[in-house]
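S.K.: Dropping in structure-v5.cif, with mmCIF, C-alpha atoms (C1' of nucleotides).
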data_query
#
loop_
_atom_site.label_atom_id
_atom_site.label_comp_id
_atom_site.auth_asym_id
_atom_site.auth_seq_id
_atom_site.Cartn_x
_atom_site.Cartn_y
_atom_site.Cartn_z
CA MET D 279 -1.15 2.89 9.89
CA LEU D 280 -4.78 3.33 8.95
CA SER D 281 -5.26 3.61 5.22
CA GLN D 282 -6.25 6.80 3.53
CA THR D 283 -9.49 5.15 2.45
CA VAL D 284 -10.43 4.38 6.06
CA GLU D 285 -9.76 8.00 6.97
CA TYR D 286 -12.02 9.16 4.14
CA ALA D 287 -14.77 6.73 5.12
CA LEU D 288 -14.70 7.87 8.74
CA ARG D 289 -14.91 11.51 7.75
CA ALA D 290 -17.88 10.78 5.54
CA VAL D 291 -19.88 8.78 8.07
CA CYS D 292 -19.14 11.35 10.76
CA HIS D 293 -20.58 14.04 8.58
CA LEU D 294 -23.59 11.89 7.73
CA ALA D 295 -24.09 11.20 11.42
CA SER D 296 -24.13 14.91 12.12
CA THR D 297 -26.88 15.50 9.56
CA ALA D 298 -28.76 12.22 10.11
CA PRO D 299 -31.27 11.22 9.05
CA ALA D 300 -31.15 13.74 6.20
CA PRO D 301 -29.23 12.46 3.15
CA GLN D 302 -26.26 14.35 1.75
CA THR D 303 -25.03 14.32 -1.83
CA THR D 304 -21.60 12.98 -2.63
CA GLY D 305 -20.61 16.51 -3.59
CA GLN D 306 -21.72 17.96 -0.28
CA ILE D 307 -19.87 15.31 1.69
CA ALA D 308 -16.76 15.76 -0.44
CA GLU D 309 -16.74 19.47 0.18
CA VAL D 310 -17.11 19.26 3.95
CA THR D 311 -14.72 16.37 4.38
CA LYS D 312 -12.20 17.64 1.80
CA VAL D 313 -12.05 14.25 0.09
CA PRO D 314 -11.55 14.03 -3.71
CA PRO D 315 -15.16 13.79 -4.97
CA ALA D 316 -14.55 11.09 -7.59
CA TYR D 317 -12.78 8.87 -5.12
CA LEU D 318 -15.24 9.54 -2.33
CA SER D 319 -17.92 8.26 -4.65
CA LYS D 320 -16.15 4.89 -4.77
CA VAL D 321 -15.63 4.80 -1.03
CA LEU D 322 -19.29 5.53 -0.39
CA GLN D 323 -20.30 2.82 -2.86
CA GLY D 324 -18.27 0.38 -0.83
CA LEU D 325 -19.92 1.46 2.41
CA ARG D 326 -23.31 1.08 0.78
CA GLN D 327 -22.49 -2.44 -0.39
CA GLU D 328 -21.40 -3.28 3.16
CA GLY D 329 -24.72 -2.13 4.52
CA ILE D 330 -23.43 0.91 6.39
CA LEU D 331 -24.95 3.48 4.06
CA LYS D 332 -27.94 3.63 1.75
CA SER D 333 -28.41 5.79 -1.32
CA GLN D 334 -31.26 7.50 -3.06
CA ARG D 335 -30.97 8.62 -6.67
CA GLY D 336 -32.51 11.65 -8.27
CA ILE D 337 -33.23 15.19 -7.19
CA GLY D 338 -33.21 15.52 -3.42
CA GLY D 339 -31.43 12.21 -3.13
CA GLY D 340 -28.05 11.41 -1.67
CA ILE D 341 -26.38 9.16 0.83
CA SER D 342 -27.46 8.47 4.41
CA LEU D 343 -26.76 6.15 7.30
CA VAL D 344 -28.70 2.90 7.47
CA LYS D 345 -28.69 2.90 11.27
CA THR D 346 -28.69 5.71 13.82
CA PRO D 347 -25.38 7.26 14.94
CA GLU D 348 -25.86 5.50 18.29
CA GLU D 349 -25.84 2.12 16.57
CA VAL D 350 -22.73 2.54 14.41
CA THR D 351 -19.23 2.12 15.81
CA ILE D 352 -15.92 3.25 14.40
CA LEU D 353 -15.08 -0.42 14.05
CA ASP D 354 -18.14 -1.02 11.87
CA VAL D 355 -16.84 1.56 9.43
CA VAL D 356 -13.22 0.43 9.55
CA ASN D 357 -14.17 -3.19 9.01
CA ALA D 358 -16.48 -2.29 6.13
CA VAL D 359 -13.63 -0.59 4.27
CA GLU D 360 -10.60 -2.59 5.27
CA PRO D 361 -11.15 -5.22 7.96
CA ILE D 362 -8.63 -5.25 10.78
CA GLN D 363 -6.59 -8.40 10.17
CA ARG D 364 -6.06 -10.04 13.53
CA ILE D 365 -3.22 -12.54 13.71
CA ARG D 366 -4.94 -15.85 14.31
CA THR D 367 -2.42 -18.34 13.01
CA CYS D 368 1.34 -18.32 12.70
CA PRO D 369 2.29 -16.02 9.77
CA LEU D 370 5.23 -18.31 9.03
CA GLY D 371 2.82 -21.12 8.31
CA LEU D 372 4.32 -23.43 10.89
CA LYS D 373 2.17 -26.20 12.25
CA THR D 374 1.82 -24.32 15.52
CA HIS D 375 -1.47 -22.80 14.45
CA GLY D 376 -4.46 -22.07 16.67
CA VAL D 377 -3.86 -20.36 19.98
CA MET D 378 -0.17 -21.11 19.86
CA LEU D 379 1.13 -17.83 18.52
CA CYS D 380 4.78 -17.24 19.29
CA PRO D 381 5.65 -14.44 21.74
CA LEU D 382 6.29 -11.95 18.94
CA HIS D 383 3.01 -12.48 17.15
CA ARG D 384 1.10 -12.77 20.40
CA ARG D 385 2.25 -9.25 21.23
CA LEU D 386 1.49 -7.88 17.79
CA ASP D 387 -1.99 -9.37 17.92
CA ASN D 388 -2.55 -7.98 21.39
CA ALA D 389 -1.83 -4.53 20.03
CA LEU D 390 -4.34 -5.11 17.23
CA ALA D 391 -6.87 -6.32 19.77
CA MET D 392 -6.46 -3.14 21.81
CA MET D 393 -7.09 -1.03 18.76
CA GLU D 394 -10.06 -3.13 17.72
CA ASP D 395 -11.54 -2.76 21.18
CA ALA D 396 -11.09 0.97 21.23
CA PHE D 397 -12.89 1.24 17.91
CA LYS D 398 -15.62 -1.17 18.93
CA ASN D 399 -16.41 0.90 22.00
CA THR D 400 -16.89 4.19 20.22
CA THR D 401 -20.09 5.04 18.39
CA LEU D 402 -20.56 7.87 15.94
CA ALA D 403 -22.94 9.46 18.44
CA GLU D 404 -20.19 9.52 21.05
CA VAL D 405 -17.82 11.18 18.63
CA LEU D 406 -20.40 13.85 17.88
CA ALA D 407 -21.15 14.42 21.55
CA ASP D 408 -17.52 14.80 22.54
CA PRO D 409 -17.07 17.91 24.74
CA ASN D 410 -14.39 19.23 22.46
CA PRO D 411 -14.40 22.78 21.14
CA SER D 412 -14.02 21.65 17.54
CA THR D 413 -16.71 19.86 15.59
CA PRO D 414 -16.11 16.29 14.38
CA LEU D 415 -14.64 17.49 11.14
CA CYS D 416 -12.42 20.05 12.76
CA GLU D 417 -14.17 23.32 12.10
CA ILE D 418 -13.80 25.52 15.13
CA VAL D 419 -16.95 26.22 17.10
CA ASN D 420 -15.30 28.01 19.97
CA PRO D 421 -11.98 29.37 18.79
CA ALA D 422 -9.66 29.51 21.79
CA ARG D 423 -8.08 32.80 20.83
CA MET X 1217 -2.46 -2.98 9.60
CA LEU X 1218 1.25 -3.44 9.99
CA SER X 1219 3.05 -3.67 6.67
CA GLN X 1220 4.59 -6.86 5.40
CA THR X 1221 7.99 -5.21 5.59
CA VAL X 1222 7.59 -4.49 9.30
CA GLU X 1223 6.63 -8.10 9.87
CA TYR X 1224 9.76 -9.24 8.01
CA ALA X 1225 11.98 -6.84 9.94
CA LEU X 1226 10.63 -8.01 13.29
CA ARG X 1227 11.16 -11.65 12.40
CA ALA X 1228 14.74 -10.91 11.40
CA VAL X 1229 15.71 -8.93 14.49
CA CYS X 1230 14.05 -11.53 16.73
CA HIS X 1231 16.19 -14.21 15.16
CA LEU X 1232 19.30 -12.06 15.46
CA ALA X 1233 18.45 -11.40 19.09
CA SER X 1234 18.25 -15.12 19.71
CA THR X 1235 21.73 -15.68 18.29
CA ALA X 1236 23.30 -12.43 19.52
CA PRO X 1237 26.02 -11.42 19.43
CA ALA X 1238 26.92 -13.91 16.69
CA PRO X 1239 26.20 -12.60 13.16
CA GLN X 1240 23.93 -14.47 10.79
CA THR X 1241 24.06 -14.40 7.02
CA THR X 1242 21.13 -13.05 5.06
CA GLY X 1243 20.54 -16.55 3.78
CA GLN X 1244 20.41 -18.05 7.25
CA ILE X 1245 17.98 -15.41 8.45
CA ALA X 1246 15.84 -15.82 5.36
CA GLU X 1247 15.58 -19.54 5.90
CA VAL X 1248 14.59 -19.37 9.54
CA THR X 1249 12.19 -16.47 9.12
CA LYS X 1250 10.75 -17.70 5.82
CA VAL X 1251 11.22 -14.31 4.20
CA PRO X 1252 12.09 -14.05 0.47
CA PRO X 1253 15.91 -13.81 0.56
CA ALA X 1254 16.27 -11.10 -2.06
CA TYR X 1255 13.75 -8.89 -0.36
CA LEU X 1256 15.05 -9.58 3.11
CA SER X 1257 18.39 -8.30 1.91
CA LYS X 1258 16.79 -4.93 1.20
CA VAL X 1259 14.95 -4.85 4.52
CA LEU X 1260 18.15 -5.61 6.40
CA GLN X 1261 19.98 -2.90 4.48
CA GLY X 1262 17.35 -0.45 5.68
CA LEU X 1263 17.74 -1.56 9.28
CA ARG X 1264 21.49 -1.16 8.96
CA GLN X 1265 21.15 2.36 7.61
CA GLU X 1266 18.86 3.16 10.54
CA GLY X 1267 21.49 1.99 12.99
CA ILE X 1268 19.61 -1.06 14.25
CA LEU X 1269 21.87 -3.61 12.59
CA LYS X 1270 25.48 -3.76 11.49
CA SER X 1271 27.02 -5.89 8.76
CA GLN X 1272 30.32 -7.58 8.14
CA ARG X 1273 31.34 -8.64 4.65
CA GLY X 1274 33.37 -11.64 3.69
CA ILE X 1275 33.64 -15.19 4.91
CA GLY X 1276 32.31 -15.57 8.40
CA GLY X 1277 30.50 -12.25 8.09
CA GLY X 1278 26.81 -11.51 8.26
CA ILE X 1279 24.35 -9.27 10.03
CA SER X 1280 24.10 -8.62 13.76
CA LEU X 1281 22.40 -6.31 16.22
CA VAL X 1282 24.17 -3.07 17.10
CA LYS X 1283 22.79 -3.11 20.66
CA THR X 1284 21.88 -5.93 23.00
CA PRO X 1285 18.40 -7.48 22.87
CA GLU X 1286 17.67 -5.75 26.19
CA GLU X 1287 18.24 -2.36 24.61
CA VAL X 1288 16.11 -2.75 21.48
CA THR X 1289 12.34 -2.33 21.55
CA ILE X 1290 9.73 -3.44 19.05
CA LEU X 1291 9.09 0.24 18.47
CA ASP X 1292 12.72 0.84 17.51
CA VAL X 1293 12.37 -1.71 14.75
CA VAL X 1294 8.94 -0.57 13.60
CA ASN X 1295 10.03 3.05 13.46
CA ALA X 1296 13.20 2.17 11.57
CA VAL X 1297 11.20 0.50 8.82
CA GLU X 1298 8.02 2.50 8.70
CA PRO X 1299 7.57 5.10 11.44
CA ILE X 1300 4.21 5.12 13.19
CA GLN X 1301 2.50 8.26 11.93
CA ARG X 1302 0.81 9.88 14.90
CA ILE X 1303 -1.93 12.39 14.08
CA ARG X 1304 -0.54 15.69 15.30
CA THR X 1305 -2.46 18.18 13.21
CA CYS X 1306 -5.86 18.17 11.59
CA PRO X 1307 -5.69 15.92 8.49
CA LEU X 1308 -8.18 18.21 6.78
CA GLY X 1309 -5.69 21.04 7.00
CA LEU X 1310 -8.03 23.31 8.90
CA LYS X 1311 -6.54 26.07 10.99
CA THR X 1312 -7.38 24.18 14.15
CA HIS X 1313 -3.95 22.65 14.27
CA GLY X 1314 -1.89 21.93 17.35
CA VAL X 1315 -3.55 20.17 20.25
CA MET X 1316 -7.00 20.89 18.86
CA LEU X 1317 -7.72 17.62 17.10
CA CYS X 1318 -11.40 17.03 16.51
CA PRO X 1319 -13.07 14.20 18.47
CA LEU X 1320 -12.67 11.75 15.61
CA HIS X 1321 -8.97 12.30 15.10
CA ARG X 1322 -8.34 12.56 18.82
CA ARG X 1323 -9.69 9.02 19.15
CA LEU X 1324 -7.76 7.69 16.19
CA ASP X 1325 -4.56 9.18 17.55
CA ASN X 1326 -5.27 7.74 21.00
CA ALA X 1327 -5.43 4.31 19.43
CA LEU X 1328 -2.10 4.93 17.71
CA ALA X 1329 -0.62 6.10 21.00
CA MET X 1330 -1.75 2.90 22.71
CA MET X 1331 -0.05 0.81 20.07
CA GLU X 1332 3.07 2.93 20.15
CA ASP X 1333 3.24 2.52 23.92
CA ALA X 1334 2.81 -1.22 23.76
CA PHE X 1335 5.67 -1.45 21.27
CA LYS X 1336 7.86 0.94 23.24
CA ASN X 1337 7.50 -1.18 26.35
CA THR X 1338 8.58 -4.45 24.82
CA THR X 1339 12.24 -5.27 24.24
CA LEU X 1340 13.54 -8.09 22.10
CA ALA X 1341 14.88 -9.72 25.24
CA GLU X 1342 11.38 -9.78 26.70
CA VAL X 1343 10.03 -11.42 23.59
CA LEU X 1344 12.71 -14.09 23.79
CA ALA X 1345 12.12 -14.69 27.49
CA ASP X 1346 8.36 -15.07 27.11
CA PRO X 1347 7.16 -18.19 28.98
CA ASN X 1348 5.45 -19.49 25.90
CA PRO X 1349 5.91 -23.05 24.64
CA SER X 1350 6.83 -21.88 21.14
CA THR X 1351 10.03 -20.06 20.27
CA PRO X 1352 9.92 -16.48 18.99
CA LEU X 1353 9.68 -17.65 15.41
CA CYS X 1354 6.99 -20.18 16.11
CA GLU X 1355 8.81 -23.48 16.08
CA ILE X 1356 7.33 -25.71 18.72
CA VAL X 1357 9.55 -26.52 21.67
CA ASN X 1358 6.94 -28.31 23.74
CA PRO X 1359 4.19 -29.58 21.46
CA ALA X 1360 1.00 -29.69 23.52
CA ARG X 1361 -0.37 -32.90 22.05
"C1'" DT M 1320 -43.13 14.03 -19.98
"C1'" DG M 1321 -38.91 16.02 -19.96
"C1'" DA M 1322 -34.98 17.93 -17.89
"C1'" DA M 1323 -31.93 18.35 -14.20
"C1'" DA M 1324 -30.13 16.06 -10.08
"C1'" DA M 1325 -27.83 12.37 -8.35
"C1'" DC M 1326 -26.05 7.85 -7.93
"C1'" DT M 1327 -23.69 3.58 -10.55
"C1'" DG M 1328 -20.32 0.88 -12.94
"C1'" DG M 1329 -16.55 0.35 -15.92
"C1'" DA M 1330 -12.26 1.92 -17.95
"C1'" DT M 1331 -8.20 4.07 -17.13
"C1'" DG M 1332 -4.02 6.35 -15.03
"C1'" DT M 1333 -0.32 6.91 -11.33
"C1'" DC M 1334 2.62 5.60 -7.75
"C1'" DA M 1335 4.50 3.27 -3.88
"C1'" DA M 1336 5.10 -1.35 -1.69
"C1'" DC M 1337 6.69 -5.70 -2.50
"C1'" DA M 1338 9.85 -8.57 -4.84
"C1'" DT M 1339 13.73 -10.31 -7.89
"C1'" DC M 1340 18.18 -10.34 -10.16
"C1'" DC M 1341 22.83 -9.35 -10.94
"C1'" DA M 1342 27.17 -7.11 -11.35
"C1'" DG M 1343 30.33 -5.05 -8.13
"C1'" DT M 1344 32.90 -4.68 -3.65
"C1'" DT M 1345 34.81 -6.24 0.62
"C1'" DT M 1346 36.94 -9.68 3.47
"C1'" DA M 1347 38.66 -14.02 5.66
"C1'" DG M 1348 41.57 -17.62 5.18
"C1'" DG M 1349 44.42 -20.81 2.84
"C1'" DC S 164 47.56 -13.19 -3.56
"C1'" DC S 165 43.73 -15.58 -4.87
"C1'" DT S 166 39.31 -17.53 -4.22
"C1'" DA S 167 35.00 -18.21 -2.15
"C1'" DA S 168 31.84 -16.04 1.06
"C1'" DA S 169 29.03 -12.40 1.92
"C1'" DC S 170 27.17 -7.87 1.72
"C1'" DT S 171 25.89 -3.57 -1.52
"C1'" DG S 172 23.58 -0.84 -4.90
"C1'" DG S 173 21.13 -0.25 -9.04
"C1'" DA S 174 17.86 -1.79 -12.48
"C1'" DT S 175 13.72 -3.92 -13.18
"C1'" DG S 176 9.13 -6.28 -12.74
"C1'" DT S 177 4.43 -6.88 -10.40
"C1'" DT S 178 0.51 -5.69 -7.89
"C1'" DG S 179 -2.79 -3.18 -5.29
"C1'" DA S 180 -4.12 1.41 -3.29
"C1'" DC S 181 -5.40 5.78 -4.58
"C1'" DA S 182 -7.54 8.61 -7.87
"C1'" DT S 183 -10.10 10.40 -12.11
"C1'" DC S 184 -13.47 10.44 -15.82
"C1'" DC S 185 -17.52 9.48 -18.21
"C1'" DA S 186 -21.43 7.23 -20.15
"C1'" DG S 187 -25.54 5.15 -18.28
"C1'" DT S 188 -29.52 4.73 -15.00
"C1'" DT S 189 -32.82 6.29 -11.65
"C1'" DT S 190 -35.72 9.76 -9.62
"C1'" DT S 191 -37.99 14.03 -8.50
"C1'" DC S 192 -40.55 17.86 -9.72
"C1'" DA S 193 -42.24 21.37 -12.59
#
In structure tokens, what does this structure look like?

M.R.:
Amino acid sequence: MLSQTVEYALRAVCHLASTAPAPQTTGQIAEVTKVPPAYLSKVLQGLRQEGILKSQRGIGGGISLVKTPEEVTILDVVNAVEPIQRIRTCPLGLKTHGVMLCPLHRRLDNALAMMEDAFKNTTLAEVLADPNPSTPLCEIVNPAR
Amino acid sequence: MLSQTVEYALRAVCHLASTAPAPQTTGQIAEVTKVPPAYLSKVLQGLRQEGILKSQRGIGGGISLVKTPEEVTILDVVNAVEPIQRIRTCPLGLKTHGVMLCPLHRRLDNALAMMEDAFKNTTLAEVLADPNPSTPLCEIVNPAR
DNA sequence: TGAAAACTGGATGTCAACATCCAGTTTAGG
DNA sequence: CCTAAACTGGATGTTGACATCCAGTTTTCA
């Protein structure tokens, strides 16, 4: 449903949010998030080009968030990697474009809108602050057993 | 977000629902739904193998719904083509499996659940009965202008 | 200033989704 | 029983997502 690349990107920014504003190297992020390092490098490049992340070369460098975790939403990250394609005109290309989606596509787009909204209303800071026993990347803080 | 194949499958079953219980040939469906005929044939085969559609060979044959439009939901069709993958265990493979999703994946799965619910609560009959000026496959019945 | 750390960009490989084509099979109806 | 209609299954082609590798560039710090 959500692409693998989106999943990787979200893991990475969540980790960066948890260490913000300190930068992390691609290797560090890859290890924590369990994303293939070579591919993560490409994903992070994309996020940098979209203005979500910034990078610093050389010793002590790495990748960090451009904004604070409070200012970045899940939707920002999703849209930077693979924008949610809302259905705005009839996919069959009929002249009924504009607001006149047929009942089927109206419903499909409503579902997309719900998802978009949910993502728009969640910041990285909220994810980090969630009163959940596991940390954002799933390592147990308070094992139940 | 939703694959092209799911879109094609939904168009096809919507058309079949509108003509139910009369069968339609692959060619007829392809024309109305504007789906590549050769590919539609494969999609319909999949839906038949999943028990959503049935086929009849020979003159006068074609494809038709197994159940009535009232009994088939959008989710039935979506799941037959490309099941919605809920997040049930930690995608990082950490030992925190079960109900212990981290805040990030809990939110992603909630979004999937919302979509799943929306699809589960809409039958083909409801789509057809929608008080919308355009028919399920977008041809205008009452042009506004 | 030089060497190691770290990102950058391009080339390349793999695989599944999307798509097409056709020979074969089944069936209705004359 | 024969022919045209219609589905079926396999082979094949195309493209983009996922993934890897490496040579090149930038930067820090000793």

S.K.: Determine, counting only C-alpha atoms (C1' of nucleotides), which protein, DNA and RNA residues have an atom within 7 Å of an atom of stretch 347-351 of chain D; residues of the same chain fewer than 4 positions away are not included. Present the result as a list in words.

M.R.: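 Once the nearby chain positions are removed, what remains is Ala295, Val355, Phe397, Lys398, Asn399, Thr400, Thr401, Leu402 and Ala403 of chain D.
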
S.K.: Would you put the residues from that selection into a file with C-alpha atoms, as an mmCIF file, in the coordinates of the input?

M.R.:
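part37.cif, written as the output of this step:
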data_model
loop_
_atom_site.group_PDB
_atom_site.id
_atom_site.type_symbol
_atom_site.label_atom_id
_atom_site.label_comp_id
_atom_site.auth_asym_id
_atom_site.auth_seq_id
_atom_site.Cartn_x
_atom_site.Cartn_y
_atom_site.Cartn_z
ATOM 1 C CA ALA D 295 -24.090 11.200 11.420
ATOM 2 C CA VAL D 355 -16.840 1.560 9.430
ATOM 3 C CA PHE D 397 -12.890 1.240 17.910
ATOM 4 C CA LYS D 398 -15.620 -1.170 18.930
ATOM 5 C CA ASN D 399 -16.410 0.900 22.000
ATOM 6 C CA THR D 400 -16.890 4.190 20.220
ATOM 7 C CA THR D 401 -20.090 5.040 18.390
ATOM 8 C CA LEU D 402 -20.560 7.870 15.940
ATOM 9 C CA ALA D 403 -22.940 9.460 18.440
#

S.K.: Report as JSON lines: every residue of chain X with an atom at most 6 Å from chain M, its closest pair of atoms, and their distance in Å to one decimal, counting only C-alpha atoms (C1' of nucleotides), with rows sorted by chain and ascending residue number.

M.R.:
{"residue": "X:Tyr1255", "atom": "CA", "partner": "M:DA1338", "partner_atom": "C1'", "distance": 5.9}
{"residue": "X:Arg1273", "atom": "CA", "partner": "M:DT1346", "partner_atom": "C1'", "distance": 5.8}
{"residue": "X:Gly1274", "atom": "CA", "partner": "M:DT1346", "partner_atom": "C1'", "distance": 4.1}
{"residue": "X:Ile1275", "atom": "CA", "partner": "M:DA1347", "partner_atom": "C1'", "distance": 5.2}

S.K.: Would you list which chain X residues are within 10 Å of chain S using all atoms listed in the file, as a VMD selection string?

M.R.: chain X and resid 1241 to 1243 1257 to 1258 1261 1271 to 1279

S.K.: So what do you get for atom CA of X:Ala1327 versus atom CA of D:Met393, distance-wise?

M.R.: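 Computed distance, atom CA of X:Ala1327 to atom CA of D:Met393, equals 5.6 Å.
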
S.K.: Spell out the residues picked by the PyMOL selection byres ((chain X and resi 1224) around 8) here, as an MDAnalysis selection string.

M.R.: chainID X and resid 1220:1223 1225:1228 1249 1251 1256 1259

S.K.: Can those selected residues be exported to a file as a short mmCIF file (atom, residue, chain, number, x, y, z; two decimals), in the frame of the given file so that it contains C-alpha atoms?

M.R.:
data_model
loop_
_atom_site.label_atom_id
_atom_site.label_comp_id
_atom_site.auth_asym_id
_atom_site.auth_seq_id
_atom_site.Cartn_x
_atom_site.Cartn_y
_atom_site.Cartn_z
CA GLN X 1220 4.59 -6.86 5.40
CA THR X 1221 7.99 -5.21 5.59
CA VAL X 1222 7.59 -4.49 9.30
CA GLU X 1223 6.63 -8.10 9.87
CA ALA X 1225 11.98 -6.84 9.94
CA LEU X 1226 10.63 -8.01 13.29
CA ARG X 1227 11.16 -11.65 12.40
CA ALA X 1228 14.74 -10.91 11.40
CA THR X 1249 12.19 -16.47 9.12
CA VAL X 1251 11.22 -14.31 4.20
CA LEU X 1256 15.05 -9.58 3.11
CA VAL X 1259 14.95 -4.85 4.52
#

S.K.: Find the residue from D:Cys380, D:Leu322, D:Leu386, D:Ala316 that sits nearest to chain X; use all atoms listed in the file when measuring.

M.R.: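 Ranked by minimum distance to chain X, first place goes to D:Cys380.
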
S.K.: Could you tell me how far atom CA of D:Met378 sits from atom CA of X:Met1330, in Å to one decimal place?

M.R.: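 Interatomic distance, atom CA of X:Met1330 to atom CA of D:Met378: 24.2 Å.
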